[in-house]
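Novice: Coordinates in structure.cif, mmCIF, C-alpha atoms, are listed below.
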```
data_protein
loop_
_atom_site.group_PDB
_atom_site.id
_atom_site.type_symbol
_atom_site.label_atom_id
_atom_site.label_comp_id
_atom_site.auth_asym_id
_atom_site.auth_seq_id
_atom_site.Cartn_x
_atom_site.Cartn_y
_atom_site.Cartn_z
ATOM 1 C CA MET A 17 23.336 -52.597 -12.344
ATOM 2 C CA LYS A 18 22.542 -48.984 -11.448
ATOM 3 C CA LYS A 19 19.101 -48.184 -10.152
ATOM 4 C CA LEU A 20 17.526 -45.393 -12.183
ATOM 5 C CA PHE A 21 15.338 -42.601 -10.848
ATOM 6 C CA LYS A 22 13.072 -40.377 -12.840
ATOM 7 C CA ILE A 23 14.291 -36.840 -12.258
ATOM 8 C CA PHE A 24 11.604 -34.160 -12.223
ATOM 9 C CA VAL A 25 13.375 -30.849 -12.470
ATOM 10 C CA LEU A 26 11.573 -27.607 -11.711
ATOM 11 C CA LEU A 27 12.983 -25.192 -14.249
ATOM 12 C CA PHE A 28 12.672 -21.566 -13.187
ATOM 13 C CA ILE A 29 13.070 -19.872 -16.566
ATOM 14 C CA PHE A 30 13.300 -16.106 -16.084
ATOM 15 C CA ALA A 31 10.865 -14.045 -18.188
ATOM 16 C CA SER A 32 8.991 -17.225 -18.990
ATOM 17 C CA GLN A 33 6.769 -19.802 -17.360
ATOM 18 C CA SER A 34 8.074 -22.464 -15.022
ATOM 19 C CA LEU A 35 8.209 -25.836 -16.692
ATOM 20 C CA LEU A 36 8.608 -29.407 -15.570
ATOM 21 C CA ALA A 37 11.107 -31.668 -17.300
ATOM 22 C CA GLU A 38 12.159 -35.238 -16.621
ATOM 23 C CA GLN A 39 15.055 -37.571 -17.302
ATOM 24 C CA ASP A 40 16.254 -40.925 -15.967
ATOM 25 C CA ILE A 41 19.399 -40.671 -13.825
ATOM 26 C CA SER A 42 21.215 -43.024 -11.444
ATOM 27 C CA ASP A 43 20.481 -43.148 -7.748
ATOM 28 C CA GLU A 44 23.802 -41.494 -6.822
ATOM 29 C CA ALA A 45 23.192 -38.651 -9.277
ATOM 30 C CA PHE A 46 19.601 -38.294 -8.078
ATOM 31 C CA LYS A 47 20.606 -37.955 -4.409
ATOM 32 C CA ALA A 48 23.163 -35.289 -5.254
ATOM 33 C CA TYR A 49 20.657 -33.494 -7.459
ATOM 34 C CA LYS A 50 18.043 -33.451 -4.666
ATOM 35 C CA LYS A 51 20.553 -31.844 -2.303
ATOM 36 C CA GLY A 52 21.395 -29.264 -4.927
ATOM 37 C CA GLU A 53 17.715 -28.635 -5.627
ATOM 38 C CA LYS A 54 16.949 -28.016 -1.945
ATOM 39 C CA LEU A 55 19.867 -25.613 -1.621
ATOM 40 C CA TYR A 56 18.832 -23.804 -4.809
ATOM 41 C CA GLN A 57 15.303 -23.333 -3.512
ATOM 42 C CA THR A 58 16.680 -21.776 -0.307
ATOM 43 C CA LYS A 59 18.926 -19.502 -2.422
ATOM 44 C CA LYS A 60 22.159 -21.106 -1.231
ATOM 45 C CA TYR A 61 23.470 -21.052 -4.757
ATOM 46 C CA ASP A 62 27.175 -21.635 -4.083
ATOM 47 C CA GLU A 63 26.380 -24.781 -2.100
ATOM 48 C CA ALA A 64 23.834 -25.862 -4.699
ATOM 49 C CA LEU A 65 26.520 -25.715 -7.379
ATOM 50 C CA LYS A 66 28.653 -28.216 -5.472
ATOM 51 C CA TRP A 67 25.933 -30.869 -5.430
ATOM 52 C CA LEU A 68 24.670 -30.208 -8.939
ATOM 53 C CA LYS A 69 28.224 -30.682 -10.236
ATOM 54 C CA ILE A 70 28.524 -33.935 -8.303
ATOM 55 C CA SER A 71 25.249 -35.062 -9.875
ATOM 56 C CA PHE A 72 26.407 -34.099 -13.352
ATOM 57 C CA ASP A 73 29.794 -35.788 -12.945
ATOM 58 C CA GLU A 74 28.059 -38.983 -11.792
ATOM 59 C CA ASP A 75 25.521 -39.127 -14.610
ATOM 60 C CA GLN A 76 25.663 -36.403 -17.255
ATOM 61 C CA SER A 77 22.095 -35.146 -17.423
ATOM 62 C CA LYS A 78 20.949 -32.383 -19.751
ATOM 63 C CA GLU A 79 18.459 -31.276 -17.083
ATOM 64 C CA VAL A 80 21.149 -30.971 -14.414
ATOM 65 C CA ALA A 81 23.326 -29.081 -16.905
ATOM 66 C CA PHE A 82 20.434 -26.670 -17.423
ATOM 67 C CA ASN A 83 20.033 -26.207 -13.680
ATOM 68 C CA LEU A 84 23.731 -25.471 -13.383
ATOM 69 C CA GLY A 85 23.147 -22.724 -15.912
ATOM 70 C CA LEU A 86 20.244 -21.406 -13.847
ATOM 71 C CA THR A 87 22.316 -21.417 -10.678
ATOM 72 C CA TYR A 88 25.203 -19.547 -12.264
ATOM 73 C CA ASP A 89 22.622 -17.152 -13.688
ATOM 74 C CA GLU A 90 21.334 -16.427 -10.188
ATOM 75 C CA LEU A 91 24.907 -15.728 -9.100
ATOM 76 C CA LYS A 92 25.317 -13.369 -12.080
ATOM 77 C CA ASP A 93 28.257 -15.482 -13.228
ATOM 78 C CA TYR A 94 27.267 -15.059 -16.846
ATOM 79 C CA PRO A 95 30.257 -16.750 -18.524
ATOM 80 C CA ASN A 96 29.520 -19.962 -16.620
ATOM 81 C CA ALA A 97 25.761 -19.565 -17.100
ATOM 82 C CA ILE A 98 26.363 -19.339 -20.849
ATOM 83 C CA LYS A 99 28.686 -22.365 -20.712
ATOM 84 C CA TRP A 100 26.126 -24.579 -18.969
ATOM 85 C CA TYR A 101 23.077 -23.373 -20.887
ATOM 86 C CA ARG A 102 24.967 -24.092 -24.086
ATOM 87 C CA LYS A 103 26.041 -27.516 -22.840
ATOM 88 C CA ALA A 104 22.428 -28.323 -21.875
ATOM 89 C CA PHE A 105 21.213 -27.223 -25.301
ATOM 90 C CA GLU A 106 23.853 -29.282 -27.097
ATOM 91 C CA MET A 107 22.803 -32.288 -25.007
ATOM 92 C CA GLY A 108 19.194 -31.856 -26.135
ATOM 93 C CA ASN A 109 17.618 -29.450 -23.634
ATOM 94 C CA LYS A 110 15.981 -26.905 -25.959
ATOM 95 C CA LYS A 111 15.251 -24.566 -23.033
ATOM 96 C CA GLY A 112 18.992 -24.016 -22.730
ATOM 97 C CA GLY A 113 18.942 -22.214 -26.068
ATOM 98 C CA ALA A 114 15.906 -20.162 -25.077
ATOM 99 C CA ASN A 115 17.565 -19.064 -21.841
ATOM 100 C CA LEU A 116 20.725 -18.161 -23.716
ATOM 101 C CA GLY A 117 18.587 -15.869 -25.829
ATOM 102 C CA LEU A 118 17.102 -14.300 -22.707
ATOM 103 C CA LEU A 119 20.498 -13.907 -21.076
ATOM 104 C CA TYR A 120 22.040 -12.246 -24.127
ATOM 105 C CA LYS A 121 18.997 -9.990 -24.390
ATOM 106 C CA GLU A 122 19.457 -8.879 -20.777
ATOM 107 C CA GLN A 123 23.063 -8.051 -21.648
ATOM 108 C CA LYS A 124 21.846 -6.104 -24.706
ATOM 109 C CA ASP A 125 23.762 -8.422 -27.009
ATOM 110 C CA TYR A 126 20.910 -8.550 -29.492
ATOM 111 C CA PRO A 127 22.663 -10.400 -32.351
ATOM 112 C CA ASN A 128 23.475 -13.318 -30.041
ATOM 113 C CA ALA A 129 20.016 -13.149 -28.469
ATOM 114 C CA ILE A 130 18.410 -13.495 -31.911
ATOM 115 C CA LYS A 131 20.856 -16.250 -32.852
ATOM 116 C CA TRP A 132 20.029 -18.380 -29.815
ATOM 117 C CA TYR A 133 16.298 -17.754 -29.948
ATOM 118 C CA LYS A 134 16.349 -19.046 -33.517
ATOM 119 C CA LYS A 135 18.401 -22.084 -32.506
ATOM 120 C CA ALA A 136 15.844 -22.875 -29.788
ATOM 121 C CA ILE A 137 12.997 -22.324 -32.249
ATOM 122 C CA LYS A 138 14.518 -24.841 -34.666
ATOM 123 C CA LYS A 139 14.441 -27.366 -31.809
ATOM 124 C CA GLY A 140 10.754 -26.676 -31.187
ATOM 125 C CA ASN A 141 10.762 -24.193 -28.305
ATOM 126 C CA VAL A 142 7.566 -22.176 -28.797
ATOM 127 C CA SER A 143 8.260 -19.669 -26.009
ATOM 128 C CA ALA A 144 11.406 -18.636 -27.865
ATOM 129 C CA ILE A 145 9.249 -17.598 -30.831
ATOM 130 C CA ASN A 146 7.229 -15.239 -28.653
ATOM 131 C CA ASN A 147 10.365 -13.929 -26.937
ATOM 132 C CA LEU A 148 11.988 -13.254 -30.305
ATOM 133 C CA ALA A 149 8.922 -11.248 -31.337
ATOM 134 C CA ILE A 150 9.134 -9.280 -28.080
ATOM 135 C CA LEU A 151 12.779 -8.484 -28.786
ATOM 136 C CA TYR A 152 11.947 -7.224 -32.282
ATOM 137 C CA LYS A 153 9.129 -5.114 -30.858
ATOM 138 C CA GLN A 154 11.448 -3.562 -28.295
ATOM 139 C CA GLN A 155 13.831 -2.730 -31.128
ATOM 140 C CA LYS A 156 10.902 -1.148 -32.991
ATOM 141 C CA ASP A 157 11.292 -3.656 -35.805
ATOM 142 C CA TYR A 158 7.531 -4.039 -36.081
ATOM 143 C CA PRO A 159 7.366 -6.088 -39.317
ATOM 144 C CA ASN A 160 9.545 -8.797 -37.764
ATOM 145 C CA ALA A 161 7.688 -8.555 -34.449
ATOM 146 C CA ILE A 162 4.364 -9.150 -36.231
ATOM 147 C CA LYS A 163 5.863 -11.977 -38.289
ATOM 148 C CA TRP A 164 7.155 -13.865 -35.238
ATOM 149 C CA TYR A 165 4.074 -13.220 -33.091
ATOM 150 C CA LYS A 166 1.992 -14.802 -35.855
ATOM 151 C CA LYS A 167 4.328 -17.805 -35.932
ATOM 152 C CA ALA A 168 3.994 -18.177 -32.159
ATOM 153 C CA ILE A 169 0.193 -17.961 -32.430
ATOM 154 C CA LYS A 170 0.106 -20.713 -35.038
ATOM 155 C CA LYS A 171 2.172 -22.881 -32.690
ATOM 156 C CA GLY A 172 -0.361 -22.345 -29.903
ATOM 157 C CA HIS A 173 1.345 -19.683 -27.776
ATOM 158 C CA ILE A 174 -1.579 -17.920 -26.102
ATOM 159 C CA ASP A 175 0.228 -14.814 -24.818
ATOM 160 C CA ALA A 176 1.379 -14.056 -28.361
ATOM 161 C CA ARG A 177 -2.254 -13.257 -29.248
ATOM 162 C CA LYS A 178 -2.407 -10.578 -26.557
ATOM 163 C CA ASN A 179 1.046 -9.274 -27.438
ATOM 164 C CA LEU A 180 0.106 -8.916 -31.084
ATOM 165 C CA GLY A 181 -3.218 -7.303 -30.208
ATOM 166 C CA LEU A 182 -1.401 -4.750 -28.064
ATOM 167 C CA LEU A 183 1.104 -4.062 -30.835
ATOM 168 C CA PHE A 184 -1.659 -3.437 -33.357
ATOM 169 C CA HIS A 185 -3.395 -1.191 -30.821
ATOM 170 C CA GLN A 186 -0.171 0.769 -30.447
ATOM 171 C CA GLN A 187 -0.181 1.165 -34.246
ATOM 172 C CA LYS A 188 -3.823 2.313 -34.110
ATOM 173 C CA ASP A 189 -4.937 -0.663 -36.219
ATOM 174 C CA LYS A 190 -8.375 -1.200 -34.700
ATOM 175 C CA LEU A 191 -9.420 -4.208 -36.770
ATOM 176 C CA ASN A 192 -6.315 -6.279 -36.142
ATOM 177 C CA SER A 193 -6.007 -5.245 -32.508
ATOM 178 C CA ALA A 194 -9.605 -6.332 -31.875
ATOM 179 C CA THR A 195 -9.091 -9.543 -33.854
ATOM 180 C CA TYR A 196 -6.316 -10.880 -31.661
ATOM 181 C CA MET A 197 -7.791 -9.612 -28.411
ATOM 182 C CA ILE A 198 -11.120 -11.331 -29.138
ATOM 183 C CA GLY A 199 -9.049 -14.459 -29.700
ATOM 184 C CA MET A 200 -8.027 -14.178 -26.029
ATOM 185 C CA ILE A 201 -11.579 -14.790 -24.785
ATOM 186 C CA GLY A 202 -11.459 -18.027 -22.849
ATOM 187 C CA HIS A 203 -7.639 -18.003 -22.967
ATOM 188 C CA PRO A 204 -8.003 -17.109 -20.090
ATOM 189 C CA TYR A 205 -9.916 -13.809 -20.184
ATOM 190 C CA THR A 206 -13.680 -13.535 -19.955
ATOM 191 C CA LYS A 207 -15.898 -12.213 -22.723
ATOM 192 C CA GLU A 208 -16.955 -9.317 -20.513
ATOM 193 C CA ARG A 209 -13.395 -8.289 -19.741
ATOM 194 C CA VAL A 210 -12.149 -8.374 -23.336
ATOM 195 C CA LEU A 211 -15.171 -6.702 -24.901
ATOM 196 C CA GLY A 212 -15.211 -4.122 -22.131
ATOM 197 C CA LEU A 213 -11.618 -3.247 -22.965
ATOM 198 C CA LEU A 214 -12.321 -3.036 -26.690
ATOM 199 C CA ARG A 215 -15.562 -1.036 -26.399
ATOM 200 C CA ASP A 216 -14.957 1.184 -23.384
ATOM 201 C CA ASP A 217 -11.207 1.729 -23.326
ATOM 202 C CA TRP A 218 -10.120 1.316 -26.936
ATOM 203 C CA LYS A 219 -13.371 2.801 -28.345
ATOM 204 C CA ILE A 220 -13.724 0.256 -31.133
ATOM 205 C CA ASP A 221 -17.044 0.491 -32.956
ATOM 206 C CA GLU A 222 -19.482 -2.407 -33.371
ATOM 207 C CA PRO A 223 -18.988 -2.969 -37.150
ATOM 208 C CA THR A 224 -15.227 -3.319 -36.581
ATOM 209 C CA LEU A 225 -15.795 -5.690 -33.654
ATOM 210 C CA LYS A 226 -18.059 -7.863 -35.790
ATOM 211 C CA LYS A 227 -15.426 -8.051 -38.529
ATOM 212 C CA ALA A 228 -12.756 -8.842 -35.949
ATOM 213 C CA TYR A 229 -14.872 -11.610 -34.431
ATOM 214 C CA LYS A 230 -15.169 -13.310 -37.813
ATOM 215 C CA LEU A 231 -11.528 -12.744 -38.688
ATOM 216 C CA GLN A 232 -10.130 -14.276 -35.508
ATOM 217 C CA LYS A 233 -11.896 -17.517 -36.367
ATOM 218 C CA THR A 234 -9.538 -17.870 -39.324
ATOM 219 C CA LEU A 235 -6.337 -16.604 -37.671
ATOM 220 C CA VAL A 236 -6.012 -18.239 -34.249
ATOM 221 C CA PRO A 237 -6.119 -21.870 -33.144
ATOM 222 C CA ASN A 238 -9.199 -22.724 -31.066
ATOM 223 C CA PRO A 239 -10.850 -19.356 -31.675
ATOM 224 C CA TYR A 240 -13.639 -17.839 -29.616
ATOM 225 C CA THR A 241 -17.034 -18.765 -31.019
ATOM 226 C CA GLY A 242 -19.489 -17.493 -28.406
ATOM 227 C CA GLY A 243 -20.574 -14.324 -30.193
ATOM 228 C CA ILE A 244 -20.079 -10.704 -29.147
ATOM 229 C CA ASP A 245 -23.671 -9.554 -28.502
#
```
Please express the file's structure as structure tokens.
Specialist:
Amino acid sequence: MKKLFKIFVLLFIFASQSLLAEQDISDEAFKAYKKGEKLYQTKKYDEALKWLKISFDEDQSKEVAFNLGLTYDELKDYPNAIKWYRKAFEMGNKKGGANLGLLYKEQKDYPNAIKWYKKAIKKGNVSAINNLAILYKQQKDYPNAIKWYKKAIKKGHIDARKNLGLLFHQQKDKLNSATYMIGMIGHPYTKERVLGLLRDDWKIDEPTLKKAYKLQKTLVPNPYTGGID
């Protein structure tokens, strides 16, 4: 009977936060993975590939498949990065779909970027919602950017609040820009920092700030409730 190890894989997702995933794999696969991981961390990507492939051949892990995608990505071998991200996604690693979206976006293949972001979103990847909104914003498709930022906010993505606030500020919508920025207080910005930005830099008047304070209580999860006086 094979001894199983819990694999904790540090996933360096470009343009996103690092995440920690886990999966049970055999001892042989785990040893090969650890060698590959060490080589990856020292940027010896070609050697890392050798051991990650040994690990995958021994015990087909969706997390190792994802890390193969990452390693090929670092080597700028995009056909193989796409192959392994896709394999990881099809095996159940939803971050594989999100990274495919990011990769296609970097290559300016926006239809495929949107396609894979939406696939990752269907599997529950919240970061992909925010990244899809960013893509729409960069394309100046503001209605879709706003739509997807709001979806990300409802799912608890904190940065989407700031992103949407900045978009509304760009559109000179003082009420909505203040609404979502006030929702950033405590997540992680201080009251002083946010209100200083809104009052001193964005020149938003007090009646608008009061309306925004009330409005954010209805629009964001875990809103700020400490007052703005």
Novice: What does the distance from CA of Leu214 in chain A to CA of Pro239 in chain A come to in Å, to one decimal?
Specialist: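 Computed distance, CA of Leu214 in chain A to CA of Pro239 in chain A, equals 17.1 Å.
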Novice: Would you kindly translate the PyMOL selection byres ((chain A and resi 191) around 12) into the concrete residues it picks from this file, as a ChimeraX atom specification?
Specialist: /A:181-182,184-185,187-190,192-198,214,218-232
Novice: The PyMOL selection byres ((chain A and resi 163) around 12) - which residues does that actually catch in the file I just gave you? List them as JSON, numbers by chain.
Specialist: {"A": [145, 146, 148, 149, 150, 152, 153, 157, 158, 159, 160, 161, 162, 164, 165, 166, 167, 168, 169, 170, 176, 180, 183]}
Novice: Using only C-alpha atoms, which of A:Glu44, A:Lys110, A:Pro237, A:Leu119 sits nearest His173 in chain A?
Specialist: A:Pro237
Novice: Quick check on the file I pasted: which residues fall under the PyMOL selection byres ((chain A and resi 48) around 8)? Write them as a PyMOL selection string.
Specialist: chain A and resi 44-47+49-52+67-68+70-71
Novice: Can you work out the spacing between CA of Tyr120 in chain A and CA of Ser77 in chain A in Å, to one decimal?
Specialist: 23.9 Å
Novice: As an exercise, work out the distance from CA of Leu84 in chain A to CA of Ser42 in chain A in Å and give it to one decimal place.
Specialist: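 Between these atoms lies a distance of 17.8 Å.
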Novice: Show me, as JSON, numbers by chain, the residues that have an atom within 9 Å of Ile201 in chain A when counting all atoms listed in the file, minus same-chain residues fewer than 6 positions from it.
Specialist: {"A": [207, 208, 209, 210, 211, 239, 240]}
Novice: Could you tell me, as a list in words, which residues have any atom at most 7 Å from (-6.8, -19.8, -30.3), counting all atoms listed in the file?
Specialist: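 Residues lying no farther than 7 Å from the given point: Gly172, Ile174, Gly199, Val236, Pro237, Asn238 and Pro239 of chain A.
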Novice: Of the residues A:Glu90, A:Asp175, A:Asp73, A:Asp245, which is the one nearest to Tyr56 in chain A, using all atoms listed in the file?
Specialist: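 Once distances to Tyr56 in chain A are computed over all atoms listed in the file, the minimum belongs to A:Glu90.
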